[in-house]
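Colleague: Structure provided below as structure tokens; questions to follow.
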Amino acid sequence: MATIQDKTKALIASKLKVSESEITPEKNLFNDLGADSLDFVEISMMLEREFNVKFTEADTAAVKTVEDLYHLLENYTKKQ
Amino acid sequence: MNRDEIKQYLPHREPMLLVDEMTLDENHVAHSKYHVTGEEFFLQGHFPGEPVVPGVILCEIMAQSCALLMKDDLIGKLTFYTGIDKVRFKNSVKPGDTVEVEATLTYHRANIYICSAVLSVDGKMCVKGELSFALLPDTRTK
């Protein structure tokens with residue numbers, strides 16, 4: 001069964017056209033993986049749909065790294 | 001909302017203001033119209049003797065209709081395209097046609113807005129697509 005991290009990594013890889021092996025927790029989505037603001041909004045939208053959650057503006061504004069996204073999703077899915 | 005009212009929200013002006021009227025329904029779907037008079041600058045060379053509204057202009061008509069979905073956020077801002085996705089052109093638009101656009105906000109995060117739009121003439125779909133925008137501060141001197 002795919003974990004939150006597996007699904008998130010696959011989604012980021014598909015959106016940013018990078019290999020999943022490049023997507024490690026400490027990587028900055030913008031500086032290291034090349035996301036721009038629209039990419040990030042689209043990733044947020046896809047994650048919300050995938051995990052059936054709704055992020056707040058403050059939560060997504062604080063996301064910088066892949067690990068930040070993992071933590072955010074883990075917190076949201078725990079609440080479900 | 002008529003053309004003068006639209007100007008209170010959209011920063012576009014002639015000859016690039018491409019929405020004549022707009023209504024917003026209870027489901028927050030924008031319905032807008034633009035009548036192609038045949039006098040528009042973009043028809044002059046596209047094509048001589050066979051005027052057809054360019055596809056990029058049809059995208060712009062859809063974009064302006066989408067922007068009116070977030071009209072209250074437009075005050076003091078300029079709208080910039082950030083992306084155009086899944087655009088398909090099905091039928092051409094010619095002088096005398098009244099274009100109708102149905103636009104829906106799909107997603108909004110910070111200053112980025114993602115919308116879907118369908119443009120038709122007499123109920124026949126001409127273009128559909130997903131458009132995204134950023135709203136940035138309007139720094140022009142008044």
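Naming works like this for the structure tokens: A, B, ... for the chains as they're shown, residue 1 at the start of each chain, ligands 1 onward in shown order.
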Which residues come within 7 Å of Glu130 of chain B, counting only C-alpha atoms, excluding same-chain residues fewer than 6 positions away, as JSON, numbers by chain?
Modeller: {"B": [84, 85, 86, 87, 115, 116, 117]}
Colleague: Could the residues of segment 37-135 of chain B that have an atom at most 7 Å from segment 38-52 of chain A be listed as CSV, each with its closest atom pair and the distance in Å to one decimal, counting only C-alpha atoms and ordered by chain and ascending residue number?
Modeller:
residue,atom,partner,partner_atom,distance
B:Thr82,CA,A:Leu38,CA,6.8
B:Arg109,CA,A:Val41,CA,6.2
B:Ile112,CA,A:Leu38,CA,6.8
Colleague: Could you list the residues in chain B lying within 10 Å of chain A, using only C-alpha atoms, and format the result as a VMD selection string?
Modeller: chain B and resid 82 to 83 106 to 114 132 to 134
Colleague: Let me see the file: selected residues, C-alpha atoms, as a compact mmCIF listing (two decimals), in the first residue's frame.
Modeller:
# COMPACT_ATOMS: atom_id res chain seq x y z
CA THR B 82 0.61 32.12 -15.44
CA GLY B 83 -0.58 29.25 -17.60
CA THR B 106 -11.38 25.79 -10.02
CA TYR B 107 -8.81 26.64 -7.36
CA HIS B 108 -7.36 29.62 -5.59
CA ARG B 109 -4.27 29.82 -3.41
CA ALA B 110 -2.55 33.06 -2.39
CA ASN B 111 -2.50 35.30 -5.49
CA ILE B 112 -2.80 32.42 -7.98
CA TYR B 113 -6.19 31.56 -9.52
CA ILE B 114 -6.96 28.54 -11.74
CA SER B 132 -4.38 30.39 -14.59
CA PHE B 133 -3.46 33.87 -13.41
CA ALA B 134 -1.51 35.79 -10.86
Colleague: Could you pull out the residues in segment 47-123 of chain B that DSSP calls helix (DSSP H, G or I) from the backbone, as a ChimeraX atom specification?
Modeller: /B:55-73
Colleague: Restricting the calculation to only C-alpha atoms: of A:Lys64, A:Val53, A:Ile12, A:Lys17, which residue gets closest to Tyr76 of chain A?
Modeller: A:Val53
Colleague: Mind pulling up the distance from atom CA of Pro15 of chain B to atom CA of Thr104 of chain B?
Modeller: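 According to the coordinates, atom CA of Thr104 of chain B and atom CA of Pro15 of chain B are separated by 25.1 Å.
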Colleague: Pick out each residue of chain B that DSSP on the backbone tags as strand (DSSP E); I need them as a JSON list (two decimals) with C-alpha atoms, in the first residue's frame.
Modeller:
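Listed below is the output, out.json:
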[["chain", "number", "residue", "atom", "x", "y", "z"],
["B", 21, "GLU", "CA", -21.28, 42.26, -20.35],
["B", 22, "MET", "CA", -21.01, 39.79, -17.50],
["B", 23, "THR", "CA", -23.30, 38.23, -14.95],
["B", 24, "LEU", "CA", -22.33, 36.03, -12.04],
["B", 29, "VAL", "CA", -20.16, 30.89, -12.55],
["B", 30, "ALA", "CA", -19.40, 33.91, -14.74],
["B", 31, "HIS", "CA", -21.42, 34.30, -17.95],
["B", 32, "SER", "CA", -20.03, 36.92, -20.28],
["B", 33, "LYS", "CA", -20.57, 38.14, -23.82],
["B", 34, "TYR", "CA", -18.51, 39.91, -26.44],
["B", 35, "HIS", "CA", -19.86, 40.94, -29.84],
["B", 77, "LYS", "CA", -4.19, 44.73, -9.19],
["B", 78, "LEU", "CA", -3.10, 43.77, -12.67],
["B", 79, "THR", "CA", -3.83, 40.29, -14.03],
["B", 80, "PHE", "CA", -1.04, 38.21, -15.54],
["B", 81, "TYR", "CA", -1.36, 34.83, -17.21],
["B", 82, "THR", "CA", 0.61, 32.12, -15.44],
["B", 83, "GLY", "CA", -0.58, 29.25, -17.60],
["B", 84, "ILE", "CA", -2.90, 28.04, -20.35],
["B", 85, "ASP", "CA", -3.65, 24.32, -20.31],
["B", 86, "LYS", "CA", -5.78, 21.83, -22.20],
["B", 87, "VAL", "CA", -6.96, 24.43, -24.72],
["B", 88, "ARG", "CA", -8.88, 23.01, -27.66],
["B", 89, "PHE", "CA", -10.23, 24.99, -30.59],
["B", 98, "THR", "CA", -21.60, 37.11, -30.29],
["B", 99, "VAL", "CA", -19.22, 35.11, -28.18],
["B", 100, "GLU", "CA", -20.48, 33.71, -24.88],
["B", 101, "VAL", "CA", -18.11, 32.53, -22.17],
["B", 102, "GLU", "CA", -18.89, 30.40, -19.13],
["B", 103, "ALA", "CA", -16.07, 30.58, -16.59],
["B", 104, "THR", "CA", -15.59, 28.76, -13.29],
["B", 105, "LEU", "CA", -12.98, 29.19, -10.58],
["B", 106, "THR", "CA", -11.38, 25.79, -10.02],
["B", 107, "TYR", "CA", -8.81, 26.64, -7.36],
["B", 108, "HIS", "CA", -7.36, 29.62, -5.59],
["B", 109, "ARG", "CA", -4.27, 29.82, -3.41],
["B", 112, "ILE", "CA", -2.80, 32.42, -7.98],
["B", 113, "TYR", "CA", -6.19, 31.56, -9.52],
["B", 114, "ILE", "CA", -6.96, 28.54, -11.74],
["B", 115, "CYS", "CA", -10.12, 28.66, -13.85],
["B", 116, "SER", "CA", -11.85, 26.62, -16.51],
["B", 117, "ALA", "CA", -13.71, 28.27, -19.37],
["B", 118, "VAL", "CA", -15.84, 27.37, -22.36],
["B", 119, "LEU", "CA", -16.39, 29.84, -25.20],
["B", 120, "SER", "CA", -19.30, 29.31, -27.58],
["B", 121, "VAL", "CA", -21.30, 31.03, -30.30],
["B", 124, "LYS", "CA", -21.84, 25.78, -30.31],
["B", 125, "MET", "CA", -18.56, 25.29, -28.45],
["B", 126, "CYS", "CA", -15.63, 27.07, -30.10],
["B", 127, "VAL", "CA", -12.91, 26.88, -27.43],
["B", 128, "LYS", "CA", -12.41, 25.33, -24.02],
["B", 129, "GLY", "CA", -9.47, 25.35, -21.67],
["B", 130, "GLU", "CA", -7.95, 25.86, -18.25],
["B", 131, "LEU", "CA", -6.37, 29.24, -17.55],
["B", 132, "SER", "CA", -4.38, 30.39, -14.59],
["B", 133, "PHE", "CA", -3.46, 33.87, -13.41],
["B", 134, "ALA", "CA", -1.51, 35.79, -10.86],
["B", 135, "LEU", "CA", -2.82, 39.05, -9.47],
["B", 136, "LEU", "CA", 0.02, 41.49, -8.88],
["B", 137, "PRO", "CA", -0.09, 45.01, -7.47]]
Colleague: Using only C-alpha atoms, which of B:Ile75, B:Leu18, B:Cys66, B:Val36 sits nearest Pro51 of chain B?
Modeller: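 That would be B:Val36, the residue with the smallest distance to Pro51 of chain B.
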Colleague: Find the spatial neighbours of Leu72 of chain A, counting only C-alpha atoms, within a cut-off of 9 Å - ignore same-chain residues fewer than 3 positions away - and output them as a PyMOL selection string.
Modeller: chain A and resi 55+59-60+63+67-69+75-77
Colleague: Calculated over only C-alpha atoms, which of the candidates A:Lys79, A:Ser19, A:His71, A:Leu29 has the smallest distance to Gln5 of chain A?
Modeller: A:His71
Colleague: Given the choices A:Ala62, A:Gly34, A:Tyr70, A:Ile4, which gets closest to Glu22 of chain A if the distance is worked out from only C-alpha atoms?
Modeller: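 For Glu22 of chain A, the nearest of the candidates is A:Gly34.
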Colleague: Fewer than 5 positions away in the same chain doesn't count, so skip those; otherwise give me all residues within 7 Å of Asn28 of chain A, counting only C-alpha atoms, as a PyMOL selection string.
Modeller: chain A and resi 33+64-66
Colleague: Report the distance between atom CA of Val56 of chain B and atom CA of His12 of chain B in Å, rounded to one decimal place.
Modeller: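 For atom CA of Val56 of chain B relative to atom CA of His12 of chain B, the distance reads 15.8 Å.
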Colleague: Atom CA of Glu40 of chain B and atom CA of Lys7 of chain B, how far apart in Å?
Modeller: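 Spanning atom CA of Lys7 of chain B to atom CA of Glu40 of chain B is a straight-line distance of 18.7 Å.
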Colleague: What's around Thr37 of chain B at 10 Å? Count only C-alpha atoms, leave out sequence neighbours fewer than 6 positions away in its own chain, and write the answer as a list in words.
Modeller: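 Once the adjacent positions are removed, what remains is Leu43, Lys94, Pro95, Gly96, Asp97 and Thr98 of chain B.
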